[in-house]
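Enquirer: The structure under discussion is supplied below as structure tokens; questions concerning it will follow.
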Amino acid sequence: MSQPIRIASYNLRFDIWPDGVTVKQSLERLPPPLKKPEFYKEVARERPWSERRVRVWRQLESENLDVIGFQEAVVRQCHDLQELLGSEWAWVGVGRDDGQNRGEFNPIFYRQSRYNLVHKETFWLSTTPSKPSRYPGAGSFRLCTLVRLTSKTTGQTVSVLNSHLDDQSDKQRQYGASMLLTRARYEEYAQNAAVVLTGDFNSPPDGSDSGAYQIITGARAPLDIDHGFAKQYAVPSNAPPFKMLDIRGETPTDRIEGHFATYTGFVEVGRSDNYRRIDFILGGSNRRWTPLLYKVCETVSDDGVYASDHRPVIAHLQV
């Protein structure tokens, strides 16, 4: 059996307080390993990215991952993670506000020592998907990053889409999910590849604002989307039905580890009343993959500091 692909989805929380501290300085300021940490007592428990980035890196590095879809990363965070992860890794992504460096990225990092990048693209989850744009009524520009990777050892192909749906407009979330479903279906059909979607939906799998999840998993019909995009990525009418499957629900229960909720916020440690499951890893219903493990990690340390207000979601898939 070939080596499984290990994929993560992680909303980093954007760098809200840039302070000019370098990665080298963050590493130099790490506490002595044998000293008990002091508990951080302030009410607002969010710390600057310069204090969180090493925690993010060490946790992800320990999971021996192959692909990571990040959300809410500004360009500085992308460069910091590249520096910390090292030359074994590369990444693809653009700023959502201008298609270059402005605004948040949905970057996909991949371990280039194990995978070749054979295709990359970006499209916006709006009525004008080929250029930086905002869906009417949405709080922010929203986009999707897509890569197609081939294993250097087996030659097997996996296509990964990474996205972040809107925090204010449920209509945008449904529209974005409809676009993601269309593009994922075409990728599966045209490339005969395993298709995986990582992302923060800003909404749960059930309840009044679950439309995006319901659409992408086939429980509700998708919305009509931009005609040009729909035409470009249309599949023949006799193509097999397609939807995205929630990897958590497909994984054997004895292979599910860690937490249920993926969003915690920067709250008082132990307060879980507002925790939610809004970050997902989904796989195409072609089932060119078998789930081996699903895991939601912890992000708060003994000192009360959170690496992010979201927890990383990890899946091991046999492609």
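By order of appearance in the structure tokens: chains A, B, ..., then residues from 1 within every chain, and ligands from 1 in the order shown.
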As a ChimeraX atom specification, please: every residue in range 8-225 of chain A that a backbone DSSP assignment puts in strand (DSSP E).
Expert: /A:8-11,67-71,89-92,108-111,115-124,143-151,157-164,194-200
Enquirer: For the contact check between range 223-245 of chain A and range 190-199 of chain A, emit one row per residue of range 223-245 of chain A within 12 Å, containing the shortest atom pair and the distance in Å rounded to one decimal, counting only C-alpha atoms, chain then rising number order, as CSV.
Expert:
residue,atom,partner,partner_atom,distance
A:Gln232,CA,A:Ala190,CA,11.8
A:Tyr233,CA,A:Ala190,CA,9.3
A:Ala234,CA,A:Ala190,CA,10.0
A:Val235,CA,A:Ala190,CA,8.2
A:Pro236,CA,A:Ala190,CA,10.5
A:Ala239,CA,A:Ala190,CA,10.6
A:Phe242,CA,A:Val195,CA,11.1
A:Lys243,CA,A:Val195,CA,10.6
A:Met244,CA,A:Leu197,CA,8.1
A:Leu245,CA,A:Val196,CA,9.3
Enquirer: Taking C-alpha atoms for each residue, export the selection above as a PDB file, in the first residue's frame.
Expert:
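The new file result36.pdb reads:
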ATOM      1  CA  GLN A 232     -16.471  26.263 -18.428  1.00  0.00           C
ATOM      2  CA  TYR A 233     -16.725  23.538 -15.801  1.00  0.00           C
ATOM      3  CA  ALA A 234     -19.769  21.660 -17.051  1.00  0.00           C
ATOM      4  CA  VAL A 235     -19.696  17.862 -17.196  1.00  0.00           C
ATOM      5  CA  PRO A 236     -21.732  15.653 -19.572  1.00  0.00           C
ATOM      6  CA  ALA A 239     -21.677  11.817 -15.792  1.00  0.00           C
ATOM      7  CA  PHE A 242     -21.347  13.955  -7.481  1.00  0.00           C
ATOM      8  CA  LYS A 243     -21.202  15.552  -4.047  1.00  0.00           C
ATOM      9  CA  MET A 244     -18.631  16.140  -1.352  1.00  0.00           C
ATOM     10  CA  LEU A 245     -18.490  13.797   1.627  1.00  0.00           C
TER      11      LEU A 245
END
Enquirer: Neighbours of Phe229 in chain A within 12 Å (only C-alpha atoms; same-chain residues fewer than 3 positions away dropped), as a list in words?
Expert: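 Answer for this query is Phe123, Trp124, Leu125, Ser126, Thr127, Thr128, Pro129, Ser130, Ser178, Met179, Leu180, Leu181, Thr182, Arg183, Tyr186, Asp224, Ile225, Asp226, Gln232, Tyr233 and Ala234 of chain A.
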Enquirer: Could you tell me how far CA of Val269 in chain A lies from CA of Leu30 in chain A, in Å and to one decimal?
Expert: 21.9 Å
Enquirer: Could you tell me which of A:Leu143, A:Leu165, A:Leu292, A:Leu149 comes closest to Phe109 in chain A if we count only C-alpha atoms?
Expert: A:Leu149
Enquirer: Would you pick out the contacts of Leu84 in chain A at 12 Å or less, using only C-alpha atoms, so that residues sharing its chain but fewer than 2 positions from it are not included, and give the list as number ranges by chain?
Expert: A: 22-24, 26-27, 53-61, 77-82, 86-90
Enquirer: May I have the residues within 9 Å of Glu250 in chain A as number ranges by chain, using only C-alpha atoms and disregarding those fewer than 3 positions away in the same chain?
Expert: A: 245-247, 253, 290-291
Enquirer: What is the distance, in Å and to one decimal place, between CA of Gln168 in chain A and CA of Ala219 in chain A?
Expert: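 Atom-to-atom, CA of Gln168 in chain A to CA of Ala219 in chain A, that is 22.3 Å.
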Enquirer: Restricting the calculation to only C-alpha atoms, which member of A:Arg148, A:His259, A:Arg248, A:Arg52 is positioned closest to Leu317 in chain A?
Expert: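 Looking at the shortest contact to Leu317 in chain A, the residue is A:Arg248.
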Enquirer: Measuring atom to atom with only C-alpha atoms, identify which of A:Arg311, A:Arg276, A:Arg13, A:Glu188 is nearest to Pro48 in chain A.
Expert: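 Of A:Arg311, A:Arg276, A:Arg13, A:Glu188, the one nearest Pro48 in chain A, counting only C-alpha atoms, is A:Arg13.
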Enquirer: As a PyMOL selection string, please: all residues of range 43-223 of chain A that backbone DSSP puts in alpha helix (DSSP H).
Expert: chain A and resi 49-62+75-85+170-191+211-216
Enquirer: Can you pull out every residue within 12 Å of range 101-103 of chain A, counting only C-alpha atoms, but drop anything in the same chain fewer than 6 positions away, and send it as a list in words?
Expert: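 Using only C-alpha atoms, the neighbours found are Phe14, Asp15, Ile16, Gln71, Glu72, Ala73, Val74, Val75, Arg76, Gln77, Cys78, His79, Gly93, Val94, Gly95, Pro132, Ser140, Phe141, Arg142 and Leu143 of chain A.
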Enquirer: Could you save the residues just selected, with all heavy atoms, as a short mmCIF file (atom, residue, chain, number, x, y, z; two decimals), in the first residue's frame?
Expert:
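Below is the file result_14.cif, written as the result:
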data_model
loop_
_atom_site.label_atom_id
_atom_site.label_comp_id
_atom_site.auth_asym_id
_atom_site.auth_seq_id
_atom_site.Cartn_x
_atom_site.Cartn_y
_atom_site.Cartn_z
N PHE A 14 -5.95 36.03 11.33
CA PHE A 14 -5.03 36.92 10.64
C PHE A 14 -4.19 37.74 11.62
O PHE A 14 -4.53 37.89 12.79
CB PHE A 14 -5.77 37.81 9.64
CG PHE A 14 -6.55 38.93 10.28
CD1 PHE A 14 -6.02 40.20 10.38
CD2 PHE A 14 -7.85 38.72 10.76
CE1 PHE A 14 -6.73 41.24 10.96
CE2 PHE A 14 -8.57 39.75 11.33
CZ PHE A 14 -8.01 41.01 11.44
N ASP A 15 -3.11 38.25 11.11
CA ASP A 15 -2.14 39.00 11.91
C ASP A 15 -2.72 40.38 12.24
O ASP A 15 -2.46 41.36 11.55
CB ASP A 15 -0.84 39.12 11.11
CG ASP A 15 0.27 39.80 11.88
OD1 ASP A 15 0.09 40.04 13.09
OD2 ASP A 15 1.31 40.09 11.27
N ILE A 16 -3.50 40.45 13.32
CA ILE A 16 -4.23 41.67 13.64
C ILE A 16 -3.34 42.74 14.26
O ILE A 16 -3.64 43.93 14.19
CB ILE A 16 -5.42 41.33 14.58
CG1 ILE A 16 -6.37 42.52 14.71
CG2 ILE A 16 -4.95 40.84 15.92
CD1 ILE A 16 -7.64 42.21 15.47
N GLN A 71 -6.47 29.29 6.15
CA GLN A 71 -7.39 30.40 5.93
C GLN A 71 -6.97 31.58 6.81
O GLN A 71 -6.37 31.39 7.86
CB GLN A 71 -8.84 30.01 6.24
CG GLN A 71 -9.38 28.84 5.42
CD GLN A 71 -9.05 27.51 6.07
OE1 GLN A 71 -9.11 27.36 7.29
NE2 GLN A 71 -8.70 26.52 5.25
N GLU A 72 -7.31 32.76 6.36
CA GLU A 72 -7.05 34.02 7.07
C GLU A 72 -5.58 34.37 7.18
O GLU A 72 -5.18 35.15 8.05
CB GLU A 72 -7.68 34.02 8.48
CG GLU A 72 -9.09 34.52 8.50
CD GLU A 72 -9.61 34.84 9.90
OE1 GLU A 72 -8.87 35.39 10.72
OE2 GLU A 72 -10.79 34.53 10.15
N ALA A 73 -4.75 33.85 6.30
CA ALA A 73 -3.33 34.17 6.34
C ALA A 73 -3.05 35.41 5.50
O ALA A 73 -3.36 35.43 4.32
CB ALA A 73 -2.51 33.00 5.82
N VAL A 74 -2.49 36.44 6.10
CA VAL A 74 -2.00 37.57 5.30
C VAL A 74 -0.60 37.21 4.83
O VAL A 74 0.01 36.23 5.27
CB VAL A 74 -2.02 38.89 6.10
CG1 VAL A 74 -3.45 39.27 6.44
CG2 VAL A 74 -1.17 38.79 7.36
N VAL A 75 -0.05 38.04 3.92
CA VAL A 75 1.18 37.64 3.23
C VAL A 75 2.33 37.43 4.21
O VAL A 75 3.15 36.52 4.03
CB VAL A 75 1.54 38.67 2.14
CG1 VAL A 75 1.92 40.03 2.75
CG2 VAL A 75 2.62 38.14 1.23
N ARG A 76 2.39 38.22 5.28
CA ARG A 76 3.47 38.03 6.25
C ARG A 76 3.38 36.64 6.88
O ARG A 76 4.40 35.98 7.09
CB ARG A 76 3.37 39.10 7.34
CG ARG A 76 4.43 38.93 8.44
CD ARG A 76 4.13 39.78 9.64
NE ARG A 76 5.15 39.62 10.69
CZ ARG A 76 5.01 40.03 11.93
NH1 ARG A 76 3.91 40.63 12.30
NH2 ARG A 76 5.98 39.85 12.81
N GLN A 77 2.19 36.19 7.18
CA GLN A 77 2.03 34.87 7.78
C GLN A 77 2.46 33.76 6.83
O GLN A 77 3.04 32.76 7.24
CB GLN A 77 0.59 34.69 8.25
CG GLN A 77 0.23 35.58 9.43
CD GLN A 77 -1.25 35.54 9.77
OE1 GLN A 77 -2.07 36.01 9.00
NE2 GLN A 77 -1.58 34.98 10.92
N CYS A 78 2.15 33.94 5.54
CA CYS A 78 2.58 32.95 4.54
C CYS A 78 4.11 32.86 4.51
O CYS A 78 4.68 31.76 4.51
CB CYS A 78 2.06 33.33 3.17
SG CYS A 78 0.26 33.28 3.00
N HIS A 79 4.77 34.02 4.50
CA HIS A 79 6.23 34.01 4.46
C HIS A 79 6.83 33.44 5.75
O HIS A 79 7.83 32.71 5.71
CB HIS A 79 6.75 35.43 4.22
CG HIS A 79 6.43 35.97 2.86
ND1 HIS A 79 6.50 35.21 1.71
CD2 HIS A 79 6.04 37.20 2.46
CE1 HIS A 79 6.18 35.93 0.66
NE2 HIS A 79 5.87 37.15 1.09
N GLY A 93 -0.88 30.69 -3.59
CA GLY A 93 -1.97 31.51 -3.10
C GLY A 93 -1.79 32.96 -3.48
O GLY A 93 -0.67 33.40 -3.81
N VAL A 94 -2.89 33.72 -3.43
CA VAL A 94 -2.87 35.16 -3.71
C VAL A 94 -3.75 35.87 -2.69
O VAL A 94 -4.63 35.27 -2.06
CB VAL A 94 -3.38 35.49 -5.13
CG1 VAL A 94 -2.51 34.80 -6.19
CG2 VAL A 94 -4.84 35.10 -5.31
N GLY A 95 -3.51 37.17 -2.52
CA GLY A 95 -4.35 37.99 -1.66
C GLY A 95 -5.73 38.17 -2.29
O GLY A 95 -5.83 38.47 -3.49
N PRO A 132 -10.64 39.73 -8.85
CA PRO A 132 -10.95 40.05 -7.45
C PRO A 132 -12.29 40.76 -7.35
O PRO A 132 -12.51 41.80 -7.97
CB PRO A 132 -9.79 40.97 -7.04
CG PRO A 132 -8.66 40.58 -7.93
CD PRO A 132 -9.30 40.24 -9.24
N SER A 140 -16.85 40.34 2.78
CA SER A 140 -15.47 40.40 2.28
C SER A 140 -15.37 39.73 0.91
O SER A 140 -16.27 38.98 0.50
CB SER A 140 -14.52 39.66 3.23
OG SER A 140 -14.59 40.19 4.55
N PHE A 141 -14.28 39.99 0.21
CA PHE A 141 -13.93 39.21 -0.97
C PHE A 141 -13.67 37.78 -0.51
O PHE A 141 -13.06 37.57 0.54
CB PHE A 141 -12.66 39.76 -1.63
CG PHE A 141 -12.84 41.08 -2.33
CD1 PHE A 141 -13.56 42.11 -1.78
CD2 PHE A 141 -12.24 41.30 -3.56
CE1 PHE A 141 -13.71 43.33 -2.42
CE2 PHE A 141 -12.37 42.51 -4.22
CZ PHE A 141 -13.11 43.54 -3.64
N ARG A 142 -14.10 36.81 -1.31
CA ARG A 142 -13.89 35.41 -0.97
C ARG A 142 -13.39 34.68 -2.20
O ARG A 142 -13.87 34.92 -3.32
CB ARG A 142 -15.18 34.75 -0.46
CG ARG A 142 -15.75 35.40 0.80
CD ARG A 142 -14.87 35.15 2.01
NE ARG A 142 -15.34 35.89 3.19
CZ ARG A 142 -14.78 35.79 4.39
NH1 ARG A 142 -13.74 34.99 4.57
NH2 ARG A 142 -15.23 36.49 5.39
N LEU A 143 -12.42 33.77 -2.01
CA LEU A 143 -11.86 33.08 -3.16
C LEU A 143 -11.58 31.61 -2.82
O LEU A 143 -11.72 31.18 -1.68
CB LEU A 143 -10.58 33.77 -3.65
CG LEU A 143 -9.41 33.99 -2.70
CD1 LEU A 143 -8.64 32.71 -2.39
CD2 LEU A 143 -8.45 35.01 -3.29
#
Enquirer: Counting only C-alpha atoms, figure out which residue out of A:Glu51, A:Glu257, A:Glu121, A:Glu63 gets nearest to Thr145 in chain A.
Expert: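 Using only C-alpha atoms, Thr145 in chain A sits closest to A:Glu121.
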Enquirer: Under the rule that only C-alpha atoms are counted, which of A:Asn116, A:Ser285, A:Thr122, A:Ser9 is the nearest residue to Gln100 in chain A?
Expert: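 Closest residue, counting only C-alpha atoms: A:Thr122.
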Enquirer: Excluding same-chain residues fewer than 5 positions from Ser2 in chain A, what lies within 10 Å of it counting only C-alpha atoms, as a list of chain:residue names?
Expert: A:Ser151, A:Thr153, A:Thr154, A:Gln156, A:Gln318, A:Val319
Enquirer: Since we have the selection now, will you write its residues out, keeping all heavy atoms, as a PDB file, in the first residue's frame?
Expert:
ATOM      1  N   SER A 151       2.043  12.474  -6.656  1.00  0.00           N
ATOM      2  CA  SER A 151       3.012  11.879  -5.744  1.00  0.00           C
ATOM      3  C   SER A 151       4.289  11.525  -6.496  1.00  0.00           C
ATOM      4  O   SER A 151       4.254  10.942  -7.581  1.00  0.00           O
ATOM      5  CB  SER A 151       2.419  10.621  -5.107  1.00  0.00           C
ATOM      6  OG  SER A 151       3.423   9.871  -4.442  1.00  0.00           O
ATOM      7  N   THR A 153       6.362   9.337  -5.584  1.00  0.00           N
ATOM      8  CA  THR A 153       6.647   7.912  -5.450  1.00  0.00           C
ATOM      9  C   THR A 153       5.658   7.033  -6.205  1.00  0.00           C
ATOM     10  O   THR A 153       6.035   6.003  -6.756  1.00  0.00           O
ATOM     11  CB  THR A 153       6.653   7.503  -3.966  1.00  0.00           C
ATOM     12  OG1 THR A 153       5.397   7.864  -3.371  1.00  0.00           O
ATOM     13  CG2 THR A 153       7.775   8.208  -3.214  1.00  0.00           C
ATOM     14  N   THR A 154       4.381   7.433  -6.242  1.00  0.00           N
ATOM     15  CA  THR A 154       3.365   6.581  -6.878  1.00  0.00           C
ATOM     16  C   THR A 154       2.806   7.158  -8.170  1.00  0.00           C
ATOM     17  O   THR A 154       2.187   6.429  -8.945  1.00  0.00           O
ATOM     18  CB  THR A 154       2.188   6.337  -5.919  1.00  0.00           C
ATOM     19  OG1 THR A 154       1.476   7.580  -5.712  1.00  0.00           O
ATOM     20  CG2 THR A 154       2.669   5.807  -4.576  1.00  0.00           C
ATOM     21  N   GLN A 156       0.315   9.039  -8.282  1.00  0.00           N
ATOM     22  CA  GLN A 156      -1.113   9.273  -8.080  1.00  0.00           C
ATOM     23  C   GLN A 156      -1.393  10.770  -7.933  1.00  0.00           C
ATOM     24  O   GLN A 156      -0.578  11.516  -7.388  1.00  0.00           O
ATOM     25  CB  GLN A 156      -1.607   8.514  -6.858  1.00  0.00           C
ATOM     26  CG  GLN A 156      -1.569   7.001  -7.043  1.00  0.00           C
ATOM     27  CD  GLN A 156      -1.798   6.262  -5.733  1.00  0.00           C
ATOM     28  OE1 GLN A 156      -1.328   6.675  -4.690  1.00  0.00           O
ATOM     29  NE2 GLN A 156      -2.532   5.159  -5.797  1.00  0.00           N
ATOM     30  N   GLN A 318      -5.972   7.385   2.194  1.00  0.00           N
ATOM     31  CA  GLN A 318      -5.294   6.504   1.244  1.00  0.00           C
ATOM     32  C   GLN A 318      -5.870   6.798  -0.143  1.00  0.00           C
ATOM     33  O   GLN A 318      -7.053   6.612  -0.370  1.00  0.00           O
ATOM     34  CB  GLN A 318      -5.529   5.026   1.597  1.00  0.00           C
ATOM     35  CG  GLN A 318      -4.667   4.066   0.827  1.00  0.00           C
ATOM     36  CD  GLN A 318      -3.212   4.199   1.222  1.00  0.00           C
ATOM     37  OE1 GLN A 318      -2.877   4.095   2.392  1.00  0.00           O
ATOM     38  NE2 GLN A 318      -2.344   4.447   0.257  1.00  0.00           N
ATOM     39  N   VAL A 319      -5.044   7.303  -1.040  1.00  0.00           N
ATOM     40  CA  VAL A 319      -5.513   7.689  -2.366  1.00  0.00           C
ATOM     41  C   VAL A 319      -5.373   6.507  -3.313  1.00  0.00           C
ATOM     42  O   VAL A 319      -4.299   5.916  -3.390  1.00  0.00           O
ATOM     43  CB  VAL A 319      -4.722   8.915  -2.893  1.00  0.00           C
ATOM     44  CG1 VAL A 319      -5.136   9.245  -4.308  1.00  0.00           C
ATOM     45  CG2 VAL A 319      -4.935  10.093  -1.973  1.00  0.00           C
TER      46      VAL A 319
END
Enquirer: Would you mind telling me which residue in A:Ser301, A:Gln174, A:Thr251, A:Ser169 lies nearest to Ile314 in chain A when using only C-alpha atoms?
Expert: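 Comparing A:Ser301, A:Gln174, A:Thr251, A:Ser169 against Ile314 in chain A, the winner is A:Thr251.
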